[in-house]
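Some notes on the structure that comes next.
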Amino acid sequence: MLPEAVPESRPSPFRRPAPRRRPDDEGDDAPAAATPDPFGEWLKLAASVIANSSRAQPADAVLRDHLRTTRGWAKADLFQASQAVFSFYRWGGWLDGSLRLESQIRSALEFADNFRRRPQDFRDEELLARTLPEWVNDALPVSAAWLRAIQTEPTLWLRTKPGRAQSLGQVLGRTRPGPLPDALAYTGEDNMFRQPEFHAGEFELQDIASQAVGLACAPQPGETWWDACAGEGGKLLHLSALMQGRGMVWASDRAEWRLKKLKIRAGRAQCFNYRAALWDGGAKLPTKTRFDGVLLDAPCSGLGTWHRNPHARWTTTPDDVRELAAVQTRLLNHLAPSVKPGGKLIYSVCTLTRAETEAVAAAFQSGHPEFAPLPLGNPFQPGAPPRPQLLLWPQATGGGGMFIAGWRRTG
C-alpha cells in the first residue's frame with residue numbers, strides 16, 4: 001500500500017516548523033539497542049545533507065561535499081544516502097513536515113519505491129496537486145505526463161566518441177543504447193567518473209537533452225563556432241566531435257575556474273581545436289571573429305533539470321524566471337553581430353517556462369530583422385518536419401527538458 005497521503009493542510013517540509021514529538025514518532029529517539037535502525041548510518045548522512053541545504057547551498061552541492069569527506073563507507077551505503085536525499089525533495093509535497101526529518105526521509109523512500117513499482121496507484125490529480133509549487137502552473141503548461149517523468153528516478157546518460165557507443169557499451173556493461181547517436185544509458189551503480197574509459201576520454205557524462213543541442217547545431221567540419229556560455233565545456237566537446245576535430249570552436253564564460261575545468265576536460269577528450277576566452281556577457285565581445293555558428297546555451301531557471309535536481313523545485317522563484325529572461329534577451333542581442341551573413345545563431349535553455357523560451361525568442365526576432373527563423377530537425381523525431389523552435393519535454397527525451405531555437409543571418 002501507499003503511505004497515507006498527507007492532507008493539504010499539513011505543513012510543507014520546506015517551510016518546516018520546529019519538530020515536535022508525536023505518539024507515532026516516539027521510537028525515533030529510542031536507544032539504538034532497543035530500536036535498531038534498519039536504515040543504518042547512511043540515513044544520518046542523508047539527514048545531515050538535507051539539514052544543511054538551502055537556496056544558497058543547493059542539496060546536490062552539499063551532497064558532493066559530504067561524499068568527498070566520507071571515508072570507509074561501502075559503495076551501496078553512499079548510493080542509498082544519495083537516493084534518500086533526492087527522494088526527500090522529489091516527494092516533498094507528500095511528506096508531513098511535523099515529523100522528525102529521519103521519519104520524513106523514510107516516508108519519501110517508501111513513496112519512491114511505490115512509484116517505481118506501481119506508478120498507476122498515483123492519480124494524476126494527486127500529482128498535479130503535490131509535485132510542484134503553485135507558481136509553476138502559471139509559468140508553463142503543466143501536465144501529468146511531465147510530472148510522472150520528473151518523479152521517475154533519472155537516467156544517467158553517457159555520450160561516447162562518434163561511432164563508439166556499441167563497443168563501449170560492451171566494455172562498460174549495464175548499459176543500453178539511447179535514442180540519439182553515440183548515447184548510452186548507464187543502469188549500474190558504479191561511479192562513472194572513476195572508470196578508466198572516462199579518464200581515457202572515451203565518453204562524457206551528458207544528459208540526453210543536452211546532447212540534442214549539439215545535434216540541432218549541426219556544425220560542419222572546417223567551420224568556426226562559438227560556444228558563448230561554455231561553462232565546463234560539455235557542449236563545446238560535442239561540437240568539436242561533430243566537426244571531427246576540424247575547424248575551430250571558441251569557448252567563453254564569465255568564470256575563469258570553469259574555463260580551467262574545460263581545459264582539463266578538453267585534454268582528456270583529446271579536443272584541441274578550441275580557444276577559450278573570458279566574457280562577462282557584456283556588449284564588448286572577446287573577439288572580433290565572425291562565426292559560421294554561435295551557440296548561446298544561456299543561464300536559466302533549470303526547470304528542465306528538475307528530474308535530477310528536485311531540490312531546485314522548492315528554491316526557484318518567479319523572480320528568478322523574470323530576471324533570467326532579461327539576461328537571456330540581453331545576451332542574444334550582444335551576440336547577434338558576431339554571426340556572419342549566412343551563419344547560424346542557436347539559443348538553448350534547459351528550462352520550459354514561457355518567459356525564457358518562446359517569449360525570449362519572440363523578443364529577439366522582433367528586434368533583429370536581419371535574422372530569419374532557422375528550421376531545426378528534432379533529434380528525437382528524425383522524420384518530423386523541421387521547426388524553428390523545439391520544446392523537448394522529459395517524457396519525450398527520457399532525460400531532461402530543453403528549449404532550442406535557431407536563426408540564420410540573412411543580412
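Identifiers in this document derive from the order of the C-alpha cells: chains are assigned A, B, ..., residues are numbered from 1 separately in each chain, and ligands are numbered from 1 in order of occurrence.
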
Q: Find the spatial neighbours of region 362-375 of chain A, counting only C-alpha atoms, within a cut-off of 6 Å - ignore same-chain residues fewer than 6 positions away - and output them as a PyMOL selection string.
A: chain A and resi 386-388+406-411

Q: Run DSSP on the backbone and grab whatever in region 18-218 of chain A lands in strand (DSSP E or B); send it over as JSON, numbers by chain.
A: {"A": [156, 157, 158, 159, 160, 175, 176, 177, 183, 184, 185, 186, 203, 204, 205]}

Q. Which residues, written as a list in words, have at least one atom at most 9 Å from Gly245 (chain A), with only C-alpha atoms counted and residues fewer than 6 positions away on the same chain left out?
A. Pro221, Gly222, Leu239, Cys271, Phe272 and Asn273 of chain A

Region 46-73 of chain A residues near region 90-102 of chain A within 10 Å, closest pair each, using only C-alpha atoms, as JSON lines:
{"residue": "A:Ala46", "atom": "CA", "partner": "A:Glu102", "partner_atom": "CA", "distance": 8.6}
{"residue": "A:Ala47", "atom": "CA", "partner": "A:Glu102", "partner_atom": "CA", "distance": 6.3}
{"residue": "A:Ser48", "atom": "CA", "partner": "A:Leu101", "partner_atom": "CA", "distance": 9.5}
{"residue": "A:Ile50", "atom": "CA", "partner": "A:Leu101", "partner_atom": "CA", "distance": 8.6}
{"residue": "A:Ala51", "atom": "CA", "partner": "A:Leu101", "partner_atom": "CA", "distance": 8.3}

Those residues with N, CA and C atoms, as a PDB file, in the first residue's frame please?
ATOM      1  N   ALA A  46      22.183  11.323   5.002  1.00  0.00           N
ATOM      2  CA  ALA A  46      21.174  11.988   4.185  1.00  0.00           C
ATOM      3  C   ALA A  46      20.513  13.124   4.967  1.00  0.00           C
ATOM      4  N   ALA A  47      20.190  12.876   6.240  1.00  0.00           N
ATOM      5  CA  ALA A  47      19.560  13.903   7.064  1.00  0.00           C
ATOM      6  C   ALA A  47      20.477  15.106   7.241  1.00  0.00           C
ATOM      7  N   SER A  48      21.771  14.854   7.385  1.00  0.00           N
ATOM      8  CA  SER A  48      22.725  15.954   7.527  1.00  0.00           C
ATOM      9  C   SER A  48      22.786  16.795   6.263  1.00  0.00           C
ATOM     10  N   ILE A  50      20.389  17.206   4.024  1.00  0.00           N
ATOM     11  CA  ILE A  50      19.140  17.962   3.902  1.00  0.00           C
ATOM     12  C   ILE A  50      19.110  19.124   4.888  1.00  0.00           C
ATOM     13  N   ALA A  51      19.557  18.863   6.112  1.00  0.00           N
ATOM     14  CA  ALA A  51      19.542  19.909   7.133  1.00  0.00           C
ATOM     15  C   ALA A  51      20.451  21.077   6.773  1.00  0.00           C
TER      16      ALA A  51
END

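Minimum atom-to-atom distances from A:Ala144, A:Gly163, A:Arg176, A:Leu78 to Asp190 (chain A) were compared using only C-alpha atoms, and the lowest value belongs to A:Leu78.
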
Q.
List the spatial neighbours of region 83-86 of chain A as a list in words - criterion: any atom at most 8 Å away, only C-alpha atoms, same-chain residues fewer than 5 positions off excluded.
A. Leu43, Ala46, Ala47, Val49, Ile50, Ala59, Ile105, Ala108, Leu109, Arg308, Asn309, Pro310 and His311 of chain A

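Closest approach to Asp297 (chain A) from the set A:Gly342, A:Gly247, A:Gly234, A:Gly282 is made by A:Gly234, with distances taken over only C-alpha atoms.
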
Q) Contacts of Ala74 (chain A) at 12 Å or less, counting only C-alpha atoms, minus same-chain residues fewer than 3 places along, as a ChimeraX atom specification? A) /A:40-42,67,70-71,77-81,190

Q: Taking the chain letters and numbering used in this document, name the residues of region 187-395 of chain A that DSSP puts in helix (DSSP H, G or I), as a ChimeraX atom specification.
A: /A:192-194,196-199,208-217,234-242,256-269,303-305,310-314,318-338,358-367,394-395

Could you please take those selected residues and save C-alpha atoms as a PDB file, in the first residue's frame?
ATOM      1  CA  MET A 192      31.468   6.599 -13.830  1.00  0.00           C
ATOM      2  CA  PHE A 193      33.944   9.398 -13.104  1.00  0.00           C
ATOM      3  CA  ARG A 194      36.321   6.713 -11.832  1.00  0.00           C
ATOM      4  CA  PRO A 196      39.381   4.097 -16.856  1.00  0.00           C
ATOM      5  CA  GLU A 197      37.414   4.621 -20.068  1.00  0.00           C
ATOM      6  CA  PHE A 198      36.254   8.007 -18.758  1.00  0.00           C
ATOM      7  CA  HIS A 199      39.820   9.070 -17.983  1.00  0.00           C
ATOM      8  CA  ILE A 208      20.423  13.213 -23.469  1.00  0.00           C
ATOM      9  CA  ALA A 209      18.624  16.568 -23.838  1.00  0.00           C
ATOM     10  CA  SER A 210      21.964  18.393 -23.790  1.00  0.00           C
ATOM     11  CA  GLN A 211      23.247  16.024 -26.457  1.00  0.00           C
ATOM     12  CA  ALA A 212      20.298  17.082 -28.613  1.00  0.00           C
ATOM     13  CA  VAL A 213      21.573  20.686 -28.592  1.00  0.00           C
ATOM     14  CA  GLY A 214      24.791  19.778 -30.373  1.00  0.00           C
ATOM     15  CA  LEU A 215      22.875  17.763 -32.958  1.00  0.00           C
ATOM     16  CA  ALA A 216      20.497  20.689 -33.555  1.00  0.00           C
ATOM     17  CA  CYS A 217      23.500  22.965 -34.146  1.00  0.00           C
ATOM     18  CA  GLY A 234      30.177  19.711 -22.283  1.00  0.00           C
ATOM     19  CA  LYS A 235      28.537  21.140 -25.394  1.00  0.00           C
ATOM     20  CA  LEU A 236      31.818  22.507 -26.747  1.00  0.00           C
ATOM     21  CA  LEU A 237      33.281  18.993 -26.703  1.00  0.00           C
ATOM     22  CA  HIS A 238      30.227  17.715 -28.558  1.00  0.00           C
ATOM     23  CA  LEU A 239      30.521  20.436 -31.198  1.00  0.00           C
ATOM     24  CA  SER A 240      34.202  19.564 -31.673  1.00  0.00           C
ATOM     25  CA  ALA A 241      33.394  15.858 -32.017  1.00  0.00           C
ATOM     26  CA  LEU A 242      30.679  16.561 -34.597  1.00  0.00           C
ATOM     27  CA  GLU A 256      37.795  31.623 -15.050  1.00  0.00           C
ATOM     28  CA  TRP A 257      37.553  28.494 -12.879  1.00  0.00           C
ATOM     29  CA  ARG A 258      35.035  26.977 -15.297  1.00  0.00           C
ATOM     30  CA  LEU A 259      37.372  27.558 -18.221  1.00  0.00           C
ATOM     31  CA  LYS A 260      40.154  25.861 -16.258  1.00  0.00           C
ATOM     32  CA  LYS A 261      37.938  22.819 -15.808  1.00  0.00           C
ATOM     33  CA  LEU A 262      37.097  22.987 -19.501  1.00  0.00           C
ATOM     34  CA  LYS A 263      40.807  22.789 -20.282  1.00  0.00           C
ATOM     35  CA  ILE A 264      41.119  19.615 -18.209  1.00  0.00           C
ATOM     36  CA  ARG A 265      38.069  18.043 -19.881  1.00  0.00           C
ATOM     37  CA  ALA A 266      39.280  19.008 -23.344  1.00  0.00           C
ATOM     38  CA  GLY A 267      42.680  17.455 -22.675  1.00  0.00           C
ATOM     39  CA  ARG A 268      41.078  14.230 -21.505  1.00  0.00           C
ATOM     40  CA  ALA A 269      38.827  14.146 -24.581  1.00  0.00           C
ATOM     41  CA  LEU A 303      13.071  23.580 -14.769  1.00  0.00           C
ATOM     42  CA  GLY A 304      14.146  21.037 -17.370  1.00  0.00           C
ATOM     43  CA  THR A 305      16.567  19.526 -14.841  1.00  0.00           C
ATOM     44  CA  PRO A 310      14.464  18.118  -7.259  1.00  0.00           C
ATOM     45  CA  HIS A 311      15.727  20.478  -4.542  1.00  0.00           C
ATOM     46  CA  ALA A 312      15.557  23.326  -7.071  1.00  0.00           C
ATOM     47  CA  ARG A 313      11.783  22.875  -7.328  1.00  0.00           C
ATOM     48  CA  TRP A 314      11.458  24.379  -3.864  1.00  0.00           C
ATOM     49  CA  PRO A 318       9.074  33.522 -10.271  1.00  0.00           C
ATOM     50  CA  ASP A 319      11.507  36.394  -9.757  1.00  0.00           C
ATOM     51  CA  ASP A 320      14.334  34.110 -10.890  1.00  0.00           C
ATOM     52  CA  VAL A 321      12.456  33.400 -14.101  1.00  0.00           C
ATOM     53  CA  ARG A 322      11.828  37.086 -14.836  1.00  0.00           C
ATOM     54  CA  GLU A 323      15.404  38.120 -14.104  1.00  0.00           C
ATOM     55  CA  LEU A 324      16.897  35.311 -16.176  1.00  0.00           C
ATOM     56  CA  ALA A 325      14.625  36.036 -19.147  1.00  0.00           C
ATOM     57  CA  ALA A 326      16.039  39.578 -19.184  1.00  0.00           C
ATOM     58  CA  VAL A 327      19.595  38.205 -19.062  1.00  0.00           C
ATOM     59  CA  GLN A 328      18.893  35.774 -21.909  1.00  0.00           C
ATOM     60  CA  THR A 329      17.471  38.524 -24.131  1.00  0.00           C
ATOM     61  CA  ARG A 330      20.428  40.766 -23.414  1.00  0.00           C
ATOM     62  CA  LEU A 331      22.941  38.014 -24.241  1.00  0.00           C
ATOM     63  CA  LEU A 332      21.258  37.250 -27.564  1.00  0.00           C
ATOM     64  CA  ASN A 333      21.328  40.930 -28.506  1.00  0.00           C
ATOM     65  CA  HIS A 334      25.020  41.176 -27.692  1.00  0.00           C
ATOM     66  CA  LEU A 335      25.893  38.050 -29.676  1.00  0.00           C
ATOM     67  CA  ALA A 336      23.959  38.879 -32.838  1.00  0.00           C
ATOM     68  CA  PRO A 337      26.742  40.954 -34.514  1.00  0.00           C
ATOM     69  CA  SER A 338      29.204  38.051 -34.223  1.00  0.00           C
ATOM     70  CA  GLU A 358       9.100  31.387 -26.714  1.00  0.00           C
ATOM     71  CA  ALA A 359       8.970  34.894 -25.198  1.00  0.00           C
ATOM     72  CA  VAL A 360      12.746  35.366 -25.422  1.00  0.00           C
ATOM     73  CA  ALA A 361      12.760  34.012 -28.988  1.00  0.00           C
ATOM     74  CA  ALA A 362       9.931  36.363 -29.986  1.00  0.00           C
ATOM     75  CA  ALA A 363      11.667  39.380 -28.432  1.00  0.00           C
ATOM     76  CA  PHE A 364      14.891  38.622 -30.288  1.00  0.00           C
ATOM     77  CA  GLN A 365      13.116  38.086 -33.587  1.00  0.00           C
ATOM     78  CA  SER A 366      11.188  41.371 -33.312  1.00  0.00           C
ATOM     79  CA  GLY A 367      14.382  43.317 -32.680  1.00  0.00           C
ATOM     80  CA  PRO A 394      11.373  14.971 -20.297  1.00  0.00           C
ATOM     81  CA  GLN A 395       8.624  12.463 -21.113  1.00  0.00           C
TER      82      GLN A 395
END

(Q) Show me, as number ranges by chain, the residues that have an atom within 10 Å of Ala145 (chain A) when counting only C-alpha atoms, minus same-chain residues fewer than 2 positions from it. (A) A: 124, 127-128, 142-143, 147-150, 393-396

Q. Rounded to one decimal in Å, what is the spacing between CA of Arg275 (chain A) and CA of Arg246 (chain A)?
A. 13.1 Å

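Counting only C-alpha atoms, the residue from A:Pro177, A:Pro154, A:Pro119, A:Gly231 that sits nearest to Leu278 (chain A) is A:Gly231.
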
Enumerate, in order of chain and increasing residue number, the residues of region 59-157 of chain A with an atom no farther than 7 Å from region 178-185 of chain A, each with its shortest atom pair and distance in Å to one decimal, counting only C-alpha atoms, as JSON lines.
{"residue": "A:Thr155", "atom": "CA", "partner": "A:Ala185", "partner_atom": "CA", "distance": 6.5}
{"residue": "A:Leu156", "atom": "CA", "partner": "A:Ala185", "partner_atom": "CA", "distance": 5.8}
{"residue": "A:Trp157", "atom": "CA", "partner": "A:Ala185", "partner_atom": "CA", "distance": 4.7}

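For Gly173 (chain A), the non-local neighbours within 10 Å, defined as residues at least 2 positions apart in the same chain or in other chains and counting only C-alpha atoms, are Leu168, Gly169, Gln170, Val171, Thr175, Arg176, Tyr186, Thr187 and Gly188 of chain A.
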